[in-house]
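Heads up, work-v7.pdb below (PDB, C-alpha atoms, pLDDT in the B column):
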ATOM      1  CA  GLU A   1     -14.203  -9.710  -1.833  1.00 38.00           C
ATOM      2  CA  MET A   2     -10.820  -8.817  -0.361  1.00 45.00           C
ATOM      3  CA  CYS A   3      -8.216  -6.223  -1.186  1.00 52.00           C
ATOM      4  CA  ILE A   4      -5.602  -4.586   0.980  1.00 54.00           C
ATOM      5  CA  ARG A   5      -6.632  -0.981   1.492  1.00 53.00           C
ATOM      6  CA  ASP A   6      -5.139   1.911   3.371  1.00 47.00           C
ATOM      7  CA  SER A   7      -7.091   4.368   5.487  1.00 47.00           C
ATOM      8  CA  ALA A   8      -7.510   6.677   2.482  1.00 46.00           C
ATOM      9  CA  GLY A   9      -9.273   3.898   0.577  1.00 48.00           C
ATOM     10  CA  ALA A  10      -6.498   3.182  -1.944  1.00 48.00           C
ATOM     11  CA  ALA A  11      -6.318  -0.499  -2.815  1.00 50.00           C
ATOM     12  CA  TRP A  12      -3.573  -2.830  -3.976  1.00 48.00           C
ATOM     13  CA  ASN A  13      -3.362  -6.619  -4.003  1.00 50.00           C
ATOM     14  CA  ASP A  14      -0.854  -9.441  -4.001  1.00 44.00           C
ATOM     15  CA  GLY A  15      -0.320  -9.422  -7.728  1.00 41.00           C
ATOM     16  CA  SER A  16      -3.102 -11.891  -8.514  1.00 40.00           C
ATOM     17  CA  GLY A  17      -4.827  -9.292 -10.668  1.00 36.00           C
ATOM     18  CA  ALA A  18      -8.147  -9.362  -8.854  1.00 35.00           C
ATOM     19  CA  CYS A  19      -9.831  -9.405  -5.508  1.00 39.00           C
ATOM     20  CA  TRP A  20     -11.438 -12.726  -4.682  1.00 35.00           C
ATOM     21  CA  GLU A  21     -13.995 -14.401  -2.431  1.00 37.00           C
ATOM     22  CA  SER A  22     -13.106 -17.027   0.154  1.00 39.00           C
ATOM     23  CA  ARG A  23     -14.847 -19.817   1.991  1.00 75.00           C
ATOM     24  CA  SER A  24     -15.501 -20.393   5.669  1.00 83.00           C
ATOM     25  CA  ALA A  25     -11.994 -20.564   7.183  1.00 86.00           C
ATOM     26  CA  ARG A  26     -10.752 -17.838   4.888  1.00 88.00           C
ATOM     27  CA  ARG A  27     -13.738 -15.604   5.595  1.00 90.00           C
ATOM     28  CA  TRP A  28     -13.064 -16.164   9.290  1.00 92.00           C
ATOM     29  CA  LEU A  29      -9.439 -15.038   9.011  1.00 93.00           C
ATOM     30  CA  ILE A  30     -10.397 -12.015   6.911  1.00 92.00           C
ATOM     31  CA  GLY A  31     -12.931 -11.104   9.600  1.00 94.00           C
ATOM     32  CA  ARG A  32     -10.383 -11.580  12.376  1.00 95.00           C
ATOM     33  CA  THR A  33      -7.877  -9.456  10.453  1.00 95.00           C
ATOM     34  CA  ASN A  34     -10.350  -6.603  10.138  1.00 94.00           C
ATOM     35  CA  GLU A  35     -11.130  -7.027  13.823  1.00 96.00           C
ATOM     36  CA  LEU A  36      -7.409  -6.715  14.583  1.00 96.00           C
ATOM     37  CA  VAL A  37      -7.172  -3.452  12.642  1.00 95.00           C
ATOM     38  CA  ILE A  38     -10.175  -2.008  14.476  1.00 96.00           C
ATOM     39  CA  GLU A  39      -8.935  -3.117  17.919  1.00 96.00           C
ATOM     40  CA  THR A  40      -5.400  -1.823  17.410  1.00 97.00           C
ATOM     41  CA  THR A  41      -6.632   1.460  15.928  1.00 96.00           C
ATOM     42  CA  GLU A  42      -8.746   2.077  19.025  1.00 96.00           C
ATOM     43  CA  ALA A  43      -5.842   1.115  21.293  1.00 97.00           C
ATOM     44  CA  TYR A  44      -3.403   3.448  19.539  1.00 97.00           C
ATOM     45  CA  GLU A  45      -5.893   6.302  19.640  1.00 96.00           C
ATOM     46  CA  GLY A  46      -6.196   5.757  23.393  1.00 96.00           C
ATOM     47  CA  TYR A  47      -2.396   5.517  23.819  1.00 95.00           C
ATOM     48  CA  LEU A  48      -2.837   1.959  25.113  1.00 95.00           C
ATOM     49  CA  THR A  49       0.206   0.051  23.903  1.00 94.00           C
ATOM     50  CA  ALA A  50      -0.767  -2.931  26.033  1.00 95.00           C
ATOM     51  CA  GLY A  51      -4.061  -3.081  24.147  1.00 96.00           C
ATOM     52  CA  VAL A  52      -2.169  -3.302  20.860  1.00 96.00           C
ATOM     53  CA  THR A  53       0.091  -6.132  22.029  1.00 96.00           C
ATOM     54  CA  SER A  54      -2.837  -7.989  23.599  1.00 96.00           C
ATOM     55  CA  ALA A  55      -4.875  -7.812  20.378  1.00 97.00           C
ATOM     56  CA  LEU A  56      -1.841  -8.896  18.364  1.00 96.00           C
ATOM     57  CA  ASP A  57      -1.139 -11.822  20.700  1.00 96.00           C
ATOM     58  CA  ARG A  58      -4.706 -13.133  20.286  1.00 96.00           C
ATOM     59  CA  TYR A  59      -4.538 -12.672  16.540  1.00 97.00           C
ATOM     60  CA  VAL A  60      -1.199 -14.460  16.116  1.00 96.00           C
ATOM     61  CA  ASP A  61      -2.560 -17.332  18.206  1.00 95.00           C
ATOM     62  CA  ASP A  62      -5.626 -17.573  15.961  1.00 95.00           C
ATOM     63  CA  LEU A  63      -3.530 -17.299  12.814  1.00 94.00           C
ATOM     64  CA  SER A  64      -0.865 -19.835  13.710  1.00 93.00           C
ATOM     65  CA  ASN A  65      -2.743 -22.313  15.900  1.00 91.00           C
ATOM     66  CA  TRP A  66      -6.082 -22.314  14.109  1.00 91.00           C
ATOM     67  CA  TYR A  67      -6.065 -20.971  10.528  1.00 91.00           C
ATOM     68  CA  ILE A  68      -2.772 -22.595   9.555  1.00 89.00           C
ATOM     69  CA  ARG A  69      -3.820 -25.799  11.290  1.00 87.00           C
ATOM     70  CA  LEU A  70      -7.140 -25.911   9.437  1.00 83.00           C
ATOM     71  CA  ASN A  71      -5.372 -25.412   6.112  1.00 82.00           C
ATOM     72  CA  ARG A  72      -2.255 -27.468   6.820  1.00 81.00           C
ATOM     73  CA  ARG A  73      -2.924 -29.998   4.063  1.00 78.00           C
ATOM     74  CA  ARG A  74      -3.467 -27.218   1.546  1.00 78.00           C
ATOM     75  CA  PHE A  75      -0.159 -25.676   2.563  1.00 80.00           C
ATOM     76  CA  TRP A  76       1.683 -29.000   2.440  1.00 78.00           C
ATOM     77  CA  GLU A  77       0.352 -29.846  -1.014  1.00 74.00           C
ATOM     78  CA  GLU A  78       0.411 -26.246  -2.281  1.00 70.00           C
ATOM     79  CA  THR A  79      -2.918 -26.825  -4.025  1.00 69.00           C
ATOM     80  CA  ASP A  80      -4.997 -23.945  -2.688  1.00 72.00           C
ATOM     81  CA  GLU A  81      -3.713 -20.586  -3.854  1.00 81.00           C
ATOM     82  CA  ALA A  82      -6.550 -18.770  -2.079  1.00 81.00           C
ATOM     83  CA  ALA A  83      -5.457 -20.193   1.286  1.00 82.00           C
ATOM     84  CA  PHE A  84      -1.957 -18.804   0.739  1.00 86.00           C
ATOM     85  CA  ARG A  85      -3.303 -15.423  -0.348  1.00 86.00           C
ATOM     86  CA  THR A  86      -5.469 -15.159   2.740  1.00 88.00           C
ATOM     87  CA  LEU A  87      -2.491 -16.033   4.940  1.00 91.00           C
ATOM     88  CA  TRP A  88      -0.427 -13.404   3.146  1.00 91.00           C
ATOM     89  CA  PHE A  89      -3.194 -10.834   3.633  1.00 91.00           C
ATOM     90  CA  GLY A  90      -3.361 -11.563   7.364  1.00 94.00           C
ATOM     91  CA  LEU A  91       0.410 -11.338   7.796  1.00 95.00           C
ATOM     92  CA  ALA A  92       0.706  -8.142   5.746  1.00 94.00           C
ATOM     93  CA  GLN A  93      -2.003  -6.382   7.746  1.00 94.00           C
ATOM     94  CA  ALA A  94      -0.509  -7.573  11.042  1.00 96.00           C
ATOM     95  CA  ILE A  95       2.881  -6.181  10.016  1.00 96.00           C
ATOM     96  CA  ARG A  96       1.282  -2.797   9.337  1.00 95.00           C
ATOM     97  CA  VAL A  97      -0.400  -2.563  12.737  1.00 96.00           C
ATOM     98  CA  ILE A  98       2.756  -3.481  14.686  1.00 96.00           C
ATOM     99  CA  ALA A  99       4.942  -0.988  12.814  1.00 96.00           C
ATOM    100  CA  PRO A 100       4.506   1.888  15.315  1.00 96.00           C
ATOM    101  CA  ILE A 101       5.698  -0.222  18.267  1.00 96.00           C
ATOM    102  CA  MET A 102       8.028  -2.706  16.510  1.00 96.00           C
ATOM    103  CA  PRO A 103       9.430  -0.605  13.658  1.00 96.00           C
ATOM    104  CA  PHE A 104      12.583  -2.576  12.832  1.00 97.00           C
ATOM    105  CA  LEU A 105      10.890  -5.971  12.892  1.00 96.00           C
ATOM    106  CA  ALA A 106       7.934  -4.669  10.883  1.00 96.00           C
ATOM    107  CA  GLU A 107      10.213  -3.114   8.273  1.00 97.00           C
ATOM    108  CA  HIS A 108      12.259  -6.313   7.920  1.00 96.00           C
ATOM    109  CA  LEU A 109       9.177  -8.483   7.483  1.00 96.00           C
ATOM    110  CA  TRP A 110       7.526  -6.016   5.127  1.00 95.00           C
ATOM    111  CA  ARG A 111      10.489  -5.899   2.769  1.00 95.00           C
ATOM    112  CA  HIS A 112      10.735  -9.679   2.509  1.00 94.00           C
ATOM    113  CA  LEU A 113       7.040 -10.562   2.525  1.00 93.00           C
ATOM    114  CA  VAL A 114       5.513  -7.645   0.645  1.00 92.00           C
ATOM    115  CA  ALA A 115       7.884  -5.132  -0.988  1.00 91.00           C
ATOM    116  CA  ASP A 116      10.083  -7.754  -2.669  1.00 90.00           C
ATOM    117  CA  ALA A 117       7.178  -9.999  -3.599  1.00 86.00           C
ATOM    118  CA  VAL A 118       4.436  -7.688  -4.834  1.00 85.00           C
ATOM    119  CA  GLU A 119       4.756  -5.377  -7.795  1.00 83.00           C
ATOM    120  CA  HIS A 120       3.865  -1.749  -7.041  1.00 84.00           C
ATOM    121  CA  ALA A 121       3.718  -2.400  -3.295  1.00 88.00           C
ATOM    122  CA  PRO A 122       5.172   0.385  -1.114  1.00 91.00           C
ATOM    123  CA  ALA A 123       8.900  -0.087  -0.538  1.00 93.00           C
ATOM    124  CA  SER A 124       8.532   0.514   3.199  1.00 95.00           C
ATOM    125  CA  VAL A 125       5.802  -0.378   5.659  1.00 94.00           C
ATOM    126  CA  PHE A 126       5.875   3.271   6.695  1.00 95.00           C
ATOM    127  CA  LEU A 127       4.901   4.287   3.163  1.00 93.00           C
ATOM    128  CA  ALA A 128       1.971   1.898   3.085  1.00 91.00           C
ATOM    129  CA  GLY A 129      -0.316   4.046   5.212  1.00 89.00           C
ATOM    130  CA  TRP A 130      -2.489   2.831   8.025  1.00 92.00           C
ATOM    131  CA  PRO A 131      -4.569  -0.220   7.059  1.00 91.00           C
ATOM    132  CA  GLY A 132      -8.232   0.348   6.420  1.00 88.00           C
ATOM    133  CA  SER A 133     -10.887  -1.909   7.945  1.00 88.00           C
ATOM    134  CA  ASP A 134     -14.108  -3.261   6.515  1.00 87.00           C
ATOM    135  CA  ALA A 135     -16.801  -3.859   9.114  1.00 88.00           C
ATOM    136  CA  ALA A 136     -18.885  -5.664   6.497  1.00 88.00           C
ATOM    137  CA  ALA A 137     -16.185  -8.362   6.286  1.00 89.00           C
ATOM    138  CA  ILE A 138     -16.640  -9.186   9.979  1.00 92.00           C
ATOM    139  CA  ASP A 139     -19.211 -11.965  10.264  1.00 91.00           C
ATOM    140  CA  GLY A 140     -20.002 -11.987  13.977  1.00 90.00           C
ATOM    141  CA  GLU A 141     -21.870 -15.284  13.809  1.00 90.00           C
ATOM    142  CA  LEU A 142     -18.970 -16.946  12.014  1.00 89.00           C
ATOM    143  CA  LEU A 143     -16.416 -15.552  14.483  1.00 92.00           C
ATOM    144  CA  ASP A 144     -18.480 -16.700  17.483  1.00 89.00           C
ATOM    145  CA  GLY A 145     -19.012 -20.120  15.933  1.00 86.00           C
ATOM    146  CA  MET A 146     -15.323 -20.579  15.219  1.00 88.00           C
ATOM    147  CA  ALA A 147     -14.368 -19.443  18.730  1.00 88.00           C
ATOM    148  CA  SER A 148     -16.789 -21.956  20.235  1.00 84.00           C
ATOM    149  CA  THR A 149     -15.581 -24.685  17.878  1.00 84.00           C
ATOM    150  CA  ARG A 150     -11.968 -24.062  18.777  1.00 86.00           C
ATOM    151  CA  ARG A 151     -12.833 -24.155  22.480  1.00 85.00           C
ATOM    152  CA  VAL A 152     -14.642 -27.488  22.081  1.00 81.00           C
ATOM    153  CA  VAL A 153     -11.677 -28.911  20.150  1.00 84.00           C
ATOM    154  CA  GLU A 154      -9.248 -27.800  22.871  1.00 85.00           C
ATOM    155  CA  LEU A 155     -11.416 -29.333  25.600  1.00 81.00           C
ATOM    156  CA  GLY A 156     -11.867 -32.521  23.602  1.00 80.00           C
ATOM    157  CA  ARG A 157      -8.133 -32.932  23.225  1.00 83.00           C
ATOM    158  CA  ALA A 158      -7.639 -32.184  26.918  1.00 82.00           C
ATOM    159  CA  ALA A 159     -10.234 -34.834  27.824  1.00 78.00           C
ATOM    160  CA  ARG A 160      -8.491 -37.378  25.624  1.00 78.00           C
ATOM    161  CA  SER A 161      -5.095 -36.508  27.105  1.00 81.00           C
ATOM    162  CA  SER A 162      -6.220 -36.646  30.739  1.00 79.00           C
ATOM    163  CA  SER A 163      -7.861 -40.015  30.088  1.00 76.00           C
ATOM    164  CA  GLY A 164      -4.938 -41.476  28.178  1.00 80.00           C
ATOM    165  CA  ILE A 165      -6.969 -41.782  24.970  1.00 74.00           C
ATOM    166  CA  LYS A 166      -4.900 -41.262  21.831  1.00 79.00           C
ATOM    167  CA  LEU A 167      -6.165 -38.720  19.319  1.00 74.00           C
ATOM    168  CA  ARG A 168      -6.587 -41.298  16.566  1.00 72.00           C
ATOM    169  CA  GLN A 169      -8.459 -43.822  18.708  1.00 74.00           C
ATOM    170  CA  PRO A 170     -11.987 -44.066  17.256  1.00 69.00           C
ATOM    171  CA  LEU A 171     -14.934 -42.480  19.025  1.00 66.00           C
ATOM    172  CA  ALA A 172     -18.374 -43.975  18.670  1.00 64.00           C
ATOM    173  CA  ARG A 173     -20.034 -40.851  20.032  1.00 66.00           C
ATOM    174  CA  LEU A 174     -19.064 -37.325  20.983  1.00 68.00           C
ATOM    175  CA  VAL A 175     -21.300 -35.324  23.325  1.00 70.00           C
ATOM    176  CA  VAL A 176     -20.719 -31.602  23.823  1.00 70.00           C
ATOM    177  CA  GLU A 177     -22.778 -29.660  26.349  1.00 68.00           C
ATOM    178  CA  GLY A 178     -22.828 -25.890  26.008  1.00 62.00           C
ATOM    179  CA  GLY A 179     -21.341 -25.858  22.521  1.00 59.00           C
ATOM    180  CA  GLY A 180     -24.381 -24.648  20.612  1.00 63.00           C
ATOM    181  CA  ALA A 181     -22.444 -21.935  18.765  1.00 65.00           C
ATOM    182  CA  ALA A 182     -20.314 -24.673  17.196  1.00 65.00           C
ATOM    183  CA  GLU A 183     -23.335 -26.401  15.677  1.00 67.00           C
ATOM    184  CA  SER A 184     -22.612 -25.176  12.157  1.00 69.00           C
ATOM    185  CA  HIS A 185     -19.076 -26.599  12.320  1.00 73.00           C
ATOM    186  CA  VAL A 186     -19.824 -30.229  13.139  1.00 71.00           C
ATOM    187  CA  ALA A 187     -17.694 -31.519  10.260  1.00 73.00           C
ATOM    188  CA  LEU A 188     -14.769 -29.476  11.554  1.00 77.00           C
ATOM    189  CA  LEU A 189     -15.236 -30.891  15.058  1.00 74.00           C
ATOM    190  CA  SER A 190     -15.193 -34.387  13.607  1.00 72.00           C
ATOM    191  CA  ALA A 191     -11.965 -33.743  11.714  1.00 75.00           C
ATOM    192  CA  GLU A 192     -10.113 -31.944  14.504  1.00 77.00           C
ATOM    193  CA  LEU A 193     -11.039 -34.234  17.391  1.00 74.00           C
ATOM    194  CA  GLY A 194     -10.012 -37.221  15.323  1.00 65.00           C
ATOM    195  CA  GLY A 195     -11.096 -40.826  15.187  1.00 52.00           C
ATOM    196  CA  ILE A 196     -14.830 -40.195  14.863  1.00 51.00           C
ATOM    197  CA  GLN A 197     -15.614 -42.909  12.362  1.00 45.00           C
ATOM    198  CA  LEU A 198     -19.374 -43.215  12.549  1.00 38.00           C
ATOM    199  CA  GLY A 199     -20.334 -39.913  10.969  1.00 42.00           C
ATOM    200  CA  GLN A 200     -21.454 -36.478  12.028  1.00 44.00           C
ATOM    201  CA  ARG A 201     -24.799 -37.702  13.375  1.00 45.00           C
ATOM    202  CA  HIS A 202     -22.887 -39.164  16.336  1.00 51.00           C
ATOM    203  CA  ILE A 203     -21.685 -35.731  17.411  1.00 57.00           C
ATOM    204  CA  VAL A 204     -24.359 -34.491  19.802  1.00 56.00           C
ATOM    205  CA  LEU A 205     -24.498 -30.810  20.728  1.00 56.00           C
ATOM    206  CA  GLU A 206     -26.612 -30.220  23.826  1.00 50.00           C
ATOM    207  CA  GLY A 207     -27.800 -27.229  25.853  1.00 46.00           C
ATOM    208  CA  ALA A 208     -25.777 -24.887  28.028  1.00 40.00           C
ATOM    209  CA  LEU A 209     -24.389 -25.977  31.385  1.00 33.00           C
ATOM    210  CA  ALA A 210     -25.420 -22.809  33.226  1.00 29.00           C
ATOM    211  CA  GLY A 211     -21.836 -22.050  34.147  1.00 30.00           C
ATOM    212  CA  ARG A 212     -20.813 -25.567  35.133  1.00 31.00           C
ATOM    213  CA  PHE A 213     -17.757 -27.192  33.605  1.00 31.00           C
ATOM    214  CA  HIS A 214     -16.588 -30.754  33.525  1.00 36.00           C
ATOM    215  CA  ASP A 215     -14.805 -33.191  31.290  1.00 39.00           C
ATOM    216  CA  ARG A 216     -14.872 -36.914  31.638  1.00 38.00           C
ATOM    217  CA  VAL A 217     -14.733 -40.070  29.593  1.00 36.00           C
ATOM    218  CA  ASP A 218     -17.427 -42.684  30.118  1.00 38.00           C
ATOM    219  CA  ASP A 219     -18.305 -46.170  28.964  1.00 35.00           C
ATOM    220  CA  LEU A 220     -15.059 -47.980  28.294  1.00 31.00           C
ATOM    221  CA  ASP A 221     -15.874 -51.550  27.390  1.00 35.00           C
ATOM    222  CA  ALA A 222     -13.729 -54.578  28.180  1.00 31.00           C
ATOM    223  CA  ALA A 223     -11.753 -54.182  24.961  1.00 32.00           C
ATOM    224  CA  GLY A 224     -10.882 -50.617  25.871  1.00 33.00           C
ATOM    225  CA  ALA A 225     -12.753 -49.025  22.958  1.00 34.00           C
ATOM    226  CA  LEU A 226     -13.914 -45.479  23.675  1.00 33.00           C
ATOM    227  CA  THR A 227     -17.666 -45.195  23.150  1.00 33.00           C
ATOM    228  CA  GLN A 228     -18.342 -41.722  24.515  1.00 40.00           C
ATOM    229  CA  LEU A 229     -16.394 -38.545  25.144  1.00 42.00           C
ATOM    230  CA  LEU A 230     -18.157 -35.881  27.159  1.00 42.00           C
ATOM    231  CA  VAL A 231     -16.643 -32.421  27.425  1.00 41.00           C
ATOM    232  CA  GLY A 232     -17.922 -29.102  28.701  1.00 39.00           C
ATOM    233  CA  ALA A 233     -17.700 -26.166  26.326  1.00 36.00           C
ATOM    234  CA  ASP A 234     -18.106 -23.453  28.967  1.00 36.00           C
ATOM    235  CA  GLN A 235     -15.725 -22.739  31.825  1.00 34.00           C
ATOM    236  CA  LEU A 236     -15.893 -19.977  34.409  1.00 24.00           C
TER     237      LEU A 236
END

Spit out the file's structure as structure tokens when you get a sec.
Amino acid sequence: EMCIRDSAGAAWNDGSGACWESRSARRWLIGRTNELVIETTEAYEGYLTAGVTSALDRYVDDLSNWYIRLNRRRFWEETDEAAFRTLWFGLAQAIRVIAPIMPFLAEHLWRHLVADAVEHAPASVFLAGWPGSDAAAIDGELLDGMASTRRVVELGRAARSSSGIKLRQPLARLVVEGGGAAESHVALLSAELGGIQLGQRHIVLEGALAGRFHDRVDDLDAAGALTQLLVGADQL
């Protein structure tokens, strides 16, 4: 269940009339958003502006380069209202946490994204109060799994690029060593690494590398078809 709440516990939503539950990617973003609020609150309380900007930088990267990417088809087709609401929630909370250090930008974004769009929303970000956080919405296992999955995807793309293998060229087999945390997201790995046509059973997740890292492509046959992509999921 998700509502926007302030630190006093007052709740308001995006005009949908109800709070709502979300699936894996949406639960991940809701968890990351609550993590952002907690991290920036601690940084502000310690007078660590750099901590605020660092937490925001990581969050914006996750929001734009992962959540939006995962839901790009839903955004293109405008078929998943929940995906848009979750994105709106993440942006609205991010605006609130940057307000103390970027007041003019935060106020501009708030008026266009929230105040003008949501009935009964505060007219100014500075009237919205400090965002509340919900530790129960932070699924540590899901966050770790998504972080590992994203890392494997990045390394897989890098391995393809360094070997001159196009993203859409089919893979017969994908082997990931040290990517155990990504095990519950095999379907996502298949979709994001592209060209894996033989099914999820051909994505093999193996044990840790004990700190070693490597990426290489093996077993190119005479026709040039890629039969195995091996990437390391851990890098020191």

Worksheet item: Mind pulling up the distance from atom CA of Ser162 of chain A to atom CA of Leu143 of chain A?
Response: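 Separation of atom CA of Leu143 of chain A and atom CA of Ser162 of chain A: 28.5 Å.
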
Discussion item. Applying 10 Å and only C-alpha atoms, which residues near Ala123 of chain A remain after dropping the ones on its own chain fewer than 6 positions away? List them as a list of chain:residue names.
Written reply: A:Glu107, A:Trp110, A:Arg111, A:Val114, A:Ala115, A:Asp116

Can you write out as JSON lines which residues of segment 21-109 of chain A fall within 10 Å of segment 148-153 of chain A, alongside each residue's closest atom pair and its distance in Å to one decimal, counting all atoms listed in the file and ordering rows by chain and ascending residue number?
{"residue": "A:Asp62", "atom": "CA", "partner": "A:Arg150", "partner_atom": "CA", "distance": 9.5}
{"residue": "A:Asn65", "atom": "CA", "partner": "A:Arg150", "partner_atom": "CA", "distance": 9.8}
{"residue": "A:Trp66", "atom": "CA", "partner": "A:Arg150", "partner_atom": "CA", "distance": 7.7}

Discussion item. Between atom CA of Pro122 of chain A and atom CA of Pro103 of chain A, what is the distance in Å, rounded to a tenth?
Written reply: 15.4 Å

Discussion item. I want to know what sits within 8 Å of segment 90-92 of chain A, based on all atoms listed in the file, with residues of the same chain fewer than 6 positions away left out; could you give that as a list in words?
Written reply: Leu29, Ile30, Thr33, Leu63, Trp110, Leu113 and Val114 of chain A

Worksheet entry | Hits from the PyMOL selection byres ((chain A and resi 55) around 12), listed as a ChimeraX atom specification | /A:32-44,48-54,56-62,94,97-98
